[in-house]
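Down below is the structure, laid out as C-alpha cells.
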Amino acid sequence: MQYPILDKYIRPSSVFRLLRIWGFKFLFVLVLISLLTSFQINKQVPAKPEPIRLRNESIAFTPKEFYIADVVDARKDRKAIAYLQIPGIAPAPSTLQPIDFAGGGLVAVKQYIKQGLSQNLRLRPVLVRLKSCQVNETMVGKDRVEGKITVVMDFDIQHNGKTLHTLNYQGGGRYLRPLQDWSITEPTLRRSITDALVYLNTWMNREADHSEKLATGVKIIFKDYNLNNDPDTVFYAQNRPLTWKDFRGQPQPGRFAAAVLPGFAFTGYKEISNGIIYLTLTVKVYMVRDGSWVREGARNDYGLNHEQKHFDLVKIIAERFKQNILKEKITVEDYNNIISAQYFETLREISWEQKQYDDESGHGVDVAAQERWNHRIEEELQRFIAKQ
C-alpha cells in the first residue's frame with residue numbers, strides 16, 4: 001500500500017533526520033538545565049569548613065618548675081573559636097561564618113595542653129584561665145583572606161590550697177590564605193596556643209629562684225635596733241637605761257611629776273634565694289625625748305625607775321610580738337597580713353598594759369604595787385634576755 005501524502009511530504013529518512021536533530025537539541029537543553037541548576041545550588045550553598053580539630057602534638061619542652069593542674073574558661077565570647085571567610089553568593093565574594101573547635105573550645109584547648117605537656121605532680125600546680133582564643137578573618141582582595149589570632153591567658157599558682165595570680169599573657173599571630181583554602185588556620189592557631197605555654201615556661205625558669213610569686217616558703221629573721229646616735233630618740237638597749245637628761249619635753253599641766261613617751265615599730269627587708277623568702281624584721285623600741293618630760297624637783301631615782309619600767313614594758317611586749325609571729329604558720333600568700341595583724345595587736349597590747357601599770361601602781365604613788373610591777377617586769381624581761 002502506498003501513502004502518497006506521507007511519501008510526498010515526509011519521507012521515512014526525513015523523519016529519522018528530524019528525530020536526530022531535535023533529539024540532540026533536547027539533550028543539549030537537558031544538560032544546560034542541569035548545569036544551571038547545579039550552578040544555582042552551588043550559589044545557594046557555599047563551601048564551609050568543618051569544625052577546627054586541634055592536632056595533638058608533643059610540645060617541644062619539658063616543664064621543670066610547673067605542671068598544668070587545670071584549664072578554666074574565662075572567655076567573654078564562647079560561641080565560636082573562629083569567624084572565617086567562606087565563598088559567598090554573587091555579588092558578595094564571601095560571608096563570615098562562626099566555626100568552633102571540634103568538641104567545643106574549652107575541651108579542645110584543655111586536651112591539647114594536657115596531652116602536649118608532661119605532668120609532674122611534684123612541681124608547682126598552675127591554673128590556666130583562658131580569657132580569649134579567637135580567629136577573626138577579613139578579606140584583603142578578591143580571593144585573599146587575612147586571619148588575625150588573639151590568645152590571652154592568665155596563669156595562677158596554686159599553693160597551700162590558695163590561688164595566687166602570677167602572670168598574664170597576650171599574644172597571637174597572623175596569616176594569609178586563599179579564599180577557598182582553610183588549611184593554614186589550624187596550625188597557626190595551634191602555634192599561638194603553644195607560644196603562650198612557651199612564655200610561661202621561660203618566665204618560670206627565669207624567675208623560679210627570685211620571684212616572690214614563685215616562692216615556696218618564708219623564713220623570718222628578727223633583729224633589734226639599738227644604735228643610739230639619734231639626737232631626738234633613745235632606742236632600747238640593755239646597757240643604756242634612761243636618764244633624766246633624756247626627758248627634754250615641756251612639762252604638761254596636771255598632777256603628775258613626769259611622763260615618758262615610748263614607742264614600738266619595725267622595718268622589713270626581704271631577700272629571695274632558692275625559692276625561699278628571707279624576711280628580716282628590725283624591731284625598734286624607743287622613747288621620744290621631746291615627748292618625755294619631768295618637773296623640777298621630781299628628778300629622783302624612784303620616779304626614774306617608774307618611767308624606766310614603762311620603757312621596759314614596751315620592750316617585753318615587743319618580744320611577745322616576735323614570739324607570736326614565730327608561732328604562726330607563715331605562708332607565702334599571707335605573711336604580710338599575719339605580720340600586720342600582729343603589729344596592730346601589739347600596739348593595742350602596749351596601750352592596755354601601760355594603762356594597767358599606771359592604774360595599779362597609782363602612777364608610782366603606791367609603793368607596794370610599784371614593787372610588784374618591778375618584780376614582774378624584771379622577771380619577764382630576764383626570761384627574754386636569757387633566750388637571746
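Each chain in the C-alpha cells gets a letter, A, B, ..., in the order shown, and its residues are numbered from 1; ligands are numbered from 1 in order too.
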
### Message
I need the residues of region 87-336 of chain A that end up classed as helix (DSSP H, G or I) by DSSP on the backbone, written out as a PyMOL selection string.
### Response
chain A and resi 105-116+185-207+212-214+244-246+289-291+301-327+335-336

#### Entry: Test item: residues at most 6 Å from Ser292 (chain A), only C-alpha atoms, excluding those fewer than 4 positions along its chain, as a ChimeraX atom specification
/A:247,249,259-261

Those residues you just picked out, can you put them in a file as an mmCIF file, in the first residue's frame with C-alpha atoms?
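Output (again-v7.cif):
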data_model
loop_
_atom_site.group_PDB
_atom_site.id
_atom_site.type_symbol
_atom_site.label_atom_id
_atom_site.label_comp_id
_atom_site.auth_asym_id
_atom_site.auth_seq_id
_atom_site.Cartn_x
_atom_site.Cartn_y
_atom_site.Cartn_z
ATOM 1 C CA PHE A 247 63.361 63.951 129.323
ATOM 2 C CA GLY A 249 59.873 67.937 126.742
ATOM 3 C CA ALA A 259 55.848 61.258 131.772
ATOM 4 C CA VAL A 260 57.683 59.124 129.237
ATOM 5 C CA LEU A 261 56.627 58.660 125.596
#

### Task
Might you pull out every residue within 12 Å of region 155-159 of chain A, with only C-alpha atoms counted and same-chain residues fewer than 6 positions away left off, and present them as JSON, numbers by chain?
{"A": [65, 66, 67, 68, 69, 70, 71, 72, 74, 123, 124, 125, 126, 127, 128, 129, 130, 131, 165, 166, 167, 168, 169, 170, 196, 197, 199, 200, 201, 203, 204, 208, 212, 213, 214, 215, 216, 217, 331, 332, 333, 334]}

### Task
Kindly indicate which residue among A:Glu360, A:Glu57, A:Asp232, A:Asp100 lies nearest to Asp77 (chain A), using only C-alpha atoms for the distances.
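Closest to Asp77 (chain A), using only C-alpha atoms: A:Asp100.
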
### Nearest-residue call for Cys133 (chain A), choices A:Glu146, A:Asp73, A:Glu328, A:Glu345, using only C-alpha atoms
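Of A:Glu146, A:Asp73, A:Glu328, A:Glu345, the one nearest Cys133 (chain A), counting only C-alpha atoms, is A:Asp73.
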
### Message
Quick one: residues within 8 Å of Tyr278 (chain A), only C-alpha atoms, excluding same-chain residues fewer than 5 positions away - as a list in words?
### Response
Val218, Lys219, Ile220, Ile221, Lys270, Glu271, Ile272 and Ser273 of chain A
